[in-house]
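J.: input21.json is reproduced in full below (JSON, N, CA and C atoms).
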[["chain", "number", "residue", "atom", "x", "y", "z"],
["A", 204, "MET", "N", -73.57, -21.30, 69.05],
["A", 204, "MET", "CA", -72.61, -20.42, 68.41],
["A", 204, "MET", "C", -73.04, -18.98, 68.63],
["A", 205, "PRO", "N", -72.10, -18.10, 69.02],
["A", 205, "PRO", "CA", -72.45, -16.70, 69.24],
["A", 205, "PRO", "C", -72.54, -15.91, 67.93],
["A", 206, "PHE", "N", -73.58, -15.11, 67.83],
["A", 206, "PHE", "CA", -73.76, -14.23, 66.68],
["A", 206, "PHE", "C", -74.08, -12.84, 67.17],
["A", 207, "ALA", "N", -73.62, -11.84, 66.45],
["A", 207, "ALA", "CA", -74.00, -10.45, 66.69],
["A", 207, "ALA", "C", -75.02, -10.10, 65.62],
["A", 208, "GLU", "N", -76.22, -9.71, 66.04],
["A", 208, "GLU", "CA", -77.28, -9.32, 65.12],
["A", 208, "GLU", "C", -77.18, -7.81, 64.89],
["A", 209, "LEU", "N", -76.82, -7.41, 63.68],
["A", 209, "LEU", "CA", -76.62, -6.00, 63.34],
["A", 209, "LEU", "C", -77.53, -5.61, 62.19],
["A", 210, "GLY", "N", -78.78, -5.37, 62.51],
["A", 210, "GLY", "CA", -79.76, -5.06, 61.46],
["A", 210, "GLY", "C", -79.99, -6.28, 60.60],
["A", 211, "ASP", "N", -79.70, -6.16, 59.30],
["A", 211, "ASP", "CA", -79.90, -7.28, 58.39],
["A", 211, "ASP", "C", -78.65, -8.15, 58.24],
["A", 212, "VAL", "N", -77.64, -7.88, 59.05],
["A", 212, "VAL", "CA", -76.39, -8.64, 59.00],
["A", 212, "VAL", "C", -76.23, -9.46, 60.27],
["A", 213, "ARG", "N", -75.83, -10.70, 60.11],
["A", 213, "ARG", "CA", -75.61, -11.60, 61.25],
["A", 213, "ARG", "C", -74.15, -12.04, 61.21],
["A", 214, "LEU", "N", -73.37, -11.60, 62.23],
["A", 214, "LEU", "CA", -71.94, -11.90, 62.26],
["A", 214, "LEU", "C", -71.62, -12.95, 63.33],
["A", 215, "PHE", "N", -70.90, -13.98, 62.93],
["A", 215, "PHE", "CA", -70.42, -14.99, 63.86],
["A", 215, "PHE", "C", -69.12, -14.50, 64.49],
["A", 216, "TYR", "N", -68.89, -14.86, 65.76],
["A", 216, "TYR", "CA", -67.61, -14.56, 66.41],
["A", 216, "TYR", "C", -67.34, -15.60, 67.49],
["A", 217, "SER", "N", -66.07, -15.75, 67.84],
["A", 217, "SER", "CA", -65.70, -16.55, 69.00],
["A", 217, "SER", "C", -65.10, -15.61, 70.03],
["A", 218, "ASP", "N", -65.28, -15.93, 71.30],
["A", 218, "ASP", "CA", -64.80, -15.08, 72.39],
["A", 218, "ASP", "C", -64.23, -16.02, 73.46],
["A", 219, "ASP", "N", -62.91, -16.05, 73.58],
["A", 219, "ASP", "CA", -62.24, -16.99, 74.48],
["A", 219, "ASP", "C", -61.51, -16.28, 75.61],
["A", 220, "ALA", "N", -61.52, -16.90, 76.80],
["A", 220, "ALA", "CA", -60.83, -16.43, 78.01],
["A", 220, "ALA", "C", -61.13, -14.97, 78.33],
["A", 221, "PRO", "N", -62.39, -14.62, 78.55],
["A", 221, "PRO", "CA", -62.73, -13.21, 78.79],
["A", 221, "PRO", "C", -62.18, -12.67, 80.11],
["A", 222, "GLY", "N", -61.49, -11.51, 80.03],
["A", 222, "GLY", "CA", -61.09, -10.73, 81.19],
["A", 222, "GLY", "C", -60.23, -11.41, 82.22],
["A", 223, "LYS", "N", -59.27, -12.23, 81.83],
["A", 223, "LYS", "CA", -58.41, -12.89, 82.79],
["A", 223, "LYS", "C", -57.51, -11.86, 83.49],
["A", 224, "ASP", "N", -57.41, -11.96, 84.80],
["A", 224, "ASP", "CA", -56.58, -11.07, 85.60],
["A", 224, "ASP", "C", -55.15, -11.61, 85.60],
["A", 225, "ASP", "N", -54.16, -10.77, 85.27],
["A", 225, "ASP", "CA", -52.78, -11.24, 85.22],
["A", 225, "ASP", "C", -52.04, -11.08, 86.55],
["A", 226, "GLY", "N", -52.76, -10.76, 87.63],
["A", 226, "GLY", "CA", -52.15, -10.71, 88.95],
["A", 226, "GLY", "C", -51.89, -9.30, 89.47],
["A", 227, "ASP", "N", -51.92, -8.29, 88.61],
["A", 227, "ASP", "CA", -51.66, -6.93, 89.08],
["A", 227, "ASP", "C", -52.95, -6.13, 89.29],
["A", 228, "GLY", "N", -54.09, -6.83, 89.28],
["A", 228, "GLY", "CA", -55.36, -6.18, 89.51],
["A", 228, "GLY", "C", -56.03, -5.63, 88.28],
["A", 229, "GLU", "N", -55.36, -5.72, 87.13],
["A", 229, "GLU", "CA", -55.93, -5.24, 85.88],
["A", 229, "GLU", "C", -56.16, -6.40, 84.92],
["A", 230, "ALA", "N", -57.22, -6.30, 84.14],
["A", 230, "ALA", "CA", -57.52, -7.35, 83.16],
["A", 230, "ALA", "C", -56.48, -7.31, 82.05],
["A", 231, "SER", "N", -56.21, -8.47, 81.45],
["A", 231, "SER", "CA", -55.25, -8.53, 80.35],
["A", 231, "SER", "C", -55.79, -7.80, 79.12],
["A", 232, "VAL", "N", -54.89, -7.47, 78.22],
["A", 232, "VAL", "CA", -55.25, -6.76, 76.99],
["A", 232, "VAL", "C", -56.03, -7.71, 76.07],
["A", 233, "PRO", "N", -57.22, -7.30, 75.59],
["A", 233, "PRO", "CA", -57.96, -8.16, 74.65],
["A", 233, "PRO", "C", -57.33, -8.11, 73.26],
["A", 234, "LEU", "N", -57.44, -9.21, 72.54],
["A", 234, "LEU", "CA", -56.92, -9.29, 71.18],
["A", 234, "LEU", "C", -58.07, -9.53, 70.21],
["A", 235, "LEU", "N", -58.09, -8.80, 69.11],
["A", 235, "LEU", "CA", -59.06, -9.00, 68.05],
["A", 235, "LEU", "C", -58.32, -9.57, 66.85],
["A", 236, "LEU", "N", -58.65, -10.82, 66.49],
["A", 236, "LEU", "CA", -57.99, -11.49, 65.37],
["A", 236, "LEU", "C", -58.90, -11.40, 64.15],
["A", 237, "VAL", "N", -58.43, -10.76, 63.11],
["A", 237, "VAL", "CA", -59.23, -10.56, 61.90],
["A", 237, "VAL", "C", -58.58, -11.33, 60.75],
["A", 238, "HIS", "N", -59.38, -12.17, 60.10],
["A", 238, "HIS", "CA", -58.86, -12.99, 59.00],
["A", 238, "HIS", "C", -58.72, -12.18, 57.72],
["A", 239, "GLY", "N", -58.01, -12.75, 56.75],
["A", 239, "GLY", "CA", -57.82, -12.11, 55.46],
["A", 239, "GLY", "C", -58.93, -12.47, 54.48],
["A", 240, "TYR", "N", -58.84, -11.91, 53.28],
["A", 240, "TYR", "CA", -59.83, -12.12, 52.23],
["A", 240, "TYR", "C", -59.92, -13.61, 51.86],
["A", 241, "GLY", "N", -61.13, -14.10, 51.75],
["A", 241, "GLY", "CA", -61.36, -15.49, 51.36],
["A", 241, "GLY", "C", -61.16, -16.50, 52.47],
["A", 242, "ALA", "N", -60.99, -16.04, 53.70],
["A", 242, "ALA", "CA", -60.77, -16.93, 54.84],
["A", 242, "ALA", "C", -61.89, -16.74, 55.85],
["A", 243, "ASP", "N", -61.74, -17.31, 57.04],
["A", 243, "ASP", "CA", -62.69, -17.08, 58.13],
["A", 243, "ASP", "C", -61.96, -17.23, 59.47],
["A", 244, "SER", "N", -62.69, -17.09, 60.56],
["A", 244, "SER", "CA", -62.07, -17.09, 61.88],
["A", 244, "SER", "C", -61.39, -18.41, 62.22],
["A", 245, "HIS", "N", -61.74, -19.48, 61.54],
["A", 245, "HIS", "CA", -61.12, -20.78, 61.83],
["A", 245, "HIS", "C", -59.64, -20.81, 61.44],
["A", 246, "ASP", "N", -59.18, -19.84, 60.67],
["A", 246, "ASP", "CA", -57.75, -19.75, 60.36],
["A", 246, "ASP", "C", -56.91, -19.53, 61.61],
["A", 247, "TRP", "N", -57.54, -19.05, 62.68],
["A", 247, "TRP", "CA", -56.84, -18.76, 63.93],
["A", 247, "TRP", "C", -56.88, -19.93, 64.93],
["A", 248, "ASP", "N", -57.52, -21.04, 64.57],
["A", 248, "ASP", "CA", -57.73, -22.14, 65.51],
["A", 248, "ASP", "C", -56.45, -22.64, 66.20],
["A", 249, "PHE", "N", -55.34, -22.67, 65.50],
["A", 249, "PHE", "CA", -54.09, -23.16, 66.10],
["A", 249, "PHE", "C", -53.46, -22.13, 67.05],
["A", 250, "HIS", "N", -53.81, -20.86, 66.91],
["A", 250, "HIS", "CA", -53.20, -19.80, 67.71],
["A", 250, "HIS", "C", -54.03, -19.42, 68.93],
["A", 251, "ILE", "N", -55.34, -19.58, 68.86],
["A", 251, "ILE", "CA", -56.22, -19.13, 69.94],
["A", 251, "ILE", "C", -55.93, -19.78, 71.29],
["A", 252, "PRO", "N", -55.70, -21.08, 71.40],
["A", 252, "PRO", "CA", -55.46, -21.66, 72.73],
["A", 252, "PRO", "C", -54.29, -21.01, 73.48],
["A", 253, "ASP", "N", -53.17, -20.79, 72.80],
["A", 253, "ASP", "CA", -52.01, -20.17, 73.46],
["A", 253, "ASP", "C", -52.29, -18.71, 73.81],
["A", 254, "LEU", "N", -52.87, -17.97, 72.88],
["A", 254, "LEU", "CA", -53.18, -16.56, 73.14],
["A", 254, "LEU", "C", -54.22, -16.42, 74.25],
["A", 255, "ALA", "N", -55.20, -17.32, 74.29],
["A", 255, "ALA", "CA", -56.28, -17.24, 75.27],
["A", 255, "ALA", "C", -55.81, -17.58, 76.68],
["A", 256, "SER", "N", -54.64, -18.15, 76.81],
["A", 256, "SER", "CA", -54.11, -18.42, 78.16],
["A", 256, "SER", "C", -53.68, -17.12, 78.84],
["A", 257, "ARG", "N", -53.46, -16.06, 78.05],
["A", 257, "ARG", "CA", -53.01, -14.78, 78.61],
["A", 257, "ARG", "C", -53.90, -13.60, 78.26],
["A", 258, "HIS", "N", -54.82, -13.76, 77.29],
["A", 258, "HIS", "CA", -55.62, -12.64, 76.81],
["A", 258, "HIS", "C", -57.05, -13.09, 76.50],
["A", 259, "ARG", "N", -57.94, -12.12, 76.47],
["A", 259, "ARG", "CA", -59.26, -12.36, 75.90],
["A", 259, "ARG", "C", -59.08, -12.29, 74.39],
["A", 260, "VAL", "N", -59.54, -13.32, 73.68],
["A", 260, "VAL", "CA", -59.34, -13.40, 72.24],
["A", 260, "VAL", "C", -60.70, -13.43, 71.53],
["A", 261, "ILE", "N", -60.92, -12.46, 70.66],
["A", 261, "ILE", "CA", -62.15, -12.36, 69.89],
["A", 261, "ILE", "C", -61.79, -12.53, 68.42],
["A", 262, "ALA", "N", -62.47, -13.47, 67.75],
["A", 262, "ALA", "CA", -62.19, -13.74, 66.33],
["A", 262, "ALA", "C", -63.51, -13.80, 65.57],
["A", 263, "PRO", "N", -63.84, -12.76, 64.81],
["A", 263, "PRO", "CA", -65.08, -12.74, 64.05],
["A", 263, "PRO", "C", -64.92, -13.31, 62.64],
["A", 264, "ASP", "N", -66.05, -13.72, 62.06],
["A", 264, "ASP", "CA", -66.11, -13.99, 60.62],
["A", 264, "ASP", "C", -66.66, -12.72, 59.99],
["A", 265, "LEU", "N", -65.91, -12.11, 59.09],
["A", 265, "LEU", "CA", -66.37, -10.90, 58.43],
["A", 265, "LEU", "C", -67.57, -11.20, 57.54],
["A", 266, "ARG", "N", -68.27, -10.17, 57.10],
["A", 266, "ARG", "CA", -69.47, -10.34, 56.27],
["A", 266, "ARG", "C", -69.18, -11.20, 55.05],
["A", 267, "GLY", "N", -70.04, -12.21, 54.84],
["A", 267, "GLY", "CA", -69.90, -13.07, 53.69],
["A", 267, "GLY", "C", -68.85, -14.16, 53.83],
["A", 268, "HIS", "N", -68.27, -14.30, 55.00],
["A", 268, "HIS", "CA", -67.24, -15.31, 55.25],
["A", 268, "HIS", "C", -67.70, -16.24, 56.38],
["A", 269, "GLY", "N", -67.24, -17.48, 56.35],
["A", 269, "GLY", "CA", -67.54, -18.43, 57.43],
["A", 269, "GLY", "C", -69.03, -18.54, 57.70],
["A", 270, "TYR", "N", -69.41, -18.39, 58.97],
["A", 270, "TYR", "CA", -70.81, -18.51, 59.38],
["A", 270, "TYR", "C", -71.57, -17.19, 59.32],
["A", 271, "SER", "N", -70.91, -16.08, 58.95],
["A", 271, "SER", "CA", -71.59, -14.79, 58.88],
["A", 271, "SER", "C", -72.41, -14.68, 57.59],
["A", 272, "SER", "N", -73.46, -13.84, 57.65],
["A", 272, "SER", "CA", -74.32, -13.69, 56.47],
["A", 272, "SER", "C", -73.61, -12.87, 55.39],
["A", 273, "ALA", "N", -74.03, -13.07, 54.17],
["A", 273, "ALA", "CA", -73.47, -12.34, 53.03],
["A", 273, "ALA", "C", -74.08, -10.96, 52.94],
["A", 274, "PRO", "N", -73.35, -9.99, 52.42],
["A", 274, "PRO", "CA", -73.89, -8.63, 52.29],
["A", 274, "PRO", "C", -75.07, -8.58, 51.32]]
Could you write out this structure as structure tokens?

T.:
Amino acid sequence: MPFAELGDVRLFYSDDAPGKDDGDGEASVPLLLVHGYGADSHDWDFHIPDLASRHRVIAPDLRGHGYSSAP
């Protein structure tokens, strides 16, 4: 599982379909999916496969949510 180590905070994130070329020589627009209060990145599980077919999709767990460390 990927984690970003930020001092005393450890944040989990998923990163799907990085930098796919859409045919015009430029990479597709990346999408950052941020969950709401009391949720985590797994709320996006049903949407990521379709979005990742055309974009790089990054979905983090905010501090104290999911697999990320608590503040």

J.: Just how far from atom C of A:Tyr216 is atom C of A:Ser271, in Å to one decimal?

T.: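 Those two atoms sit 11.2 Å apart.
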
J.: List every residue of chain A that DSSP, applied to the backbone of this structure, assigns to strand (DSSP E or B), and report them as a list in words.

T.: Phe206, Ala207, Glu208, Leu209, Val212, Arg213, Leu214, Phe215, Tyr216, Ser217, Asp218, Asp219, Asp224, Ala230, Leu234, Leu235, Val260, Ile261, Ala262 and Pro263 of chain A

J.: Between A:Leu236, A:Ala255, A:Ala273, A:Ala242, which residue has the minimum interatomic distance to A:Val212, considering all atoms listed in the file?

T.: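 Checking each candidate against A:Val212, we get A:Ala273 as the closest.
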
J.: Which is closer to A:Ala220 than all the others in A:Asp264, A:Arg259, A:Gly241, A:Pro274, using all atoms listed in the file?

T.: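 Under the stated criterion, the closest residue is A:Arg259.
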
J.: For A:Ala262, list every protein, DNA or RNA residue within 6.5 Å, evaluated using all atoms listed in the file, and leave out those in the same chain fewer than 5 positions away; present the list as a ChimeraX atom specification.

T.: /A:215-219,234-237,244

J.: As an exercise, work out the distance from atom CA of A:Gly267 to atom CA of A:Leu214 in Å and give it to one decimal place.

T.: 8.9 Å

J.: Name the residues of chain A that fall into helix (DSSP H, G or I) according to DSSP on the backbone, using the chain letters and numbers of this document, as a VMD selection string.

T.: chain A and resid 244 to 247 251 to 255

J.: Which is closer to A:Gly269 than all the others in A:Asp253, A:Met204, A:Asp243, A:Ser231, using all atoms listed in the file?

T.: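 Looking only at the distances to A:Gly269, the closest residue turns out to be A:Asp243.
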
J.: I'd like to know which of A:Ser272, A:Glu208, A:Trp247, A:His258 is closest to A:Pro233, using only N, CA and C atoms.

T.: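 Among the listed residues, the smallest separation from A:Pro233 belongs to A:His258.
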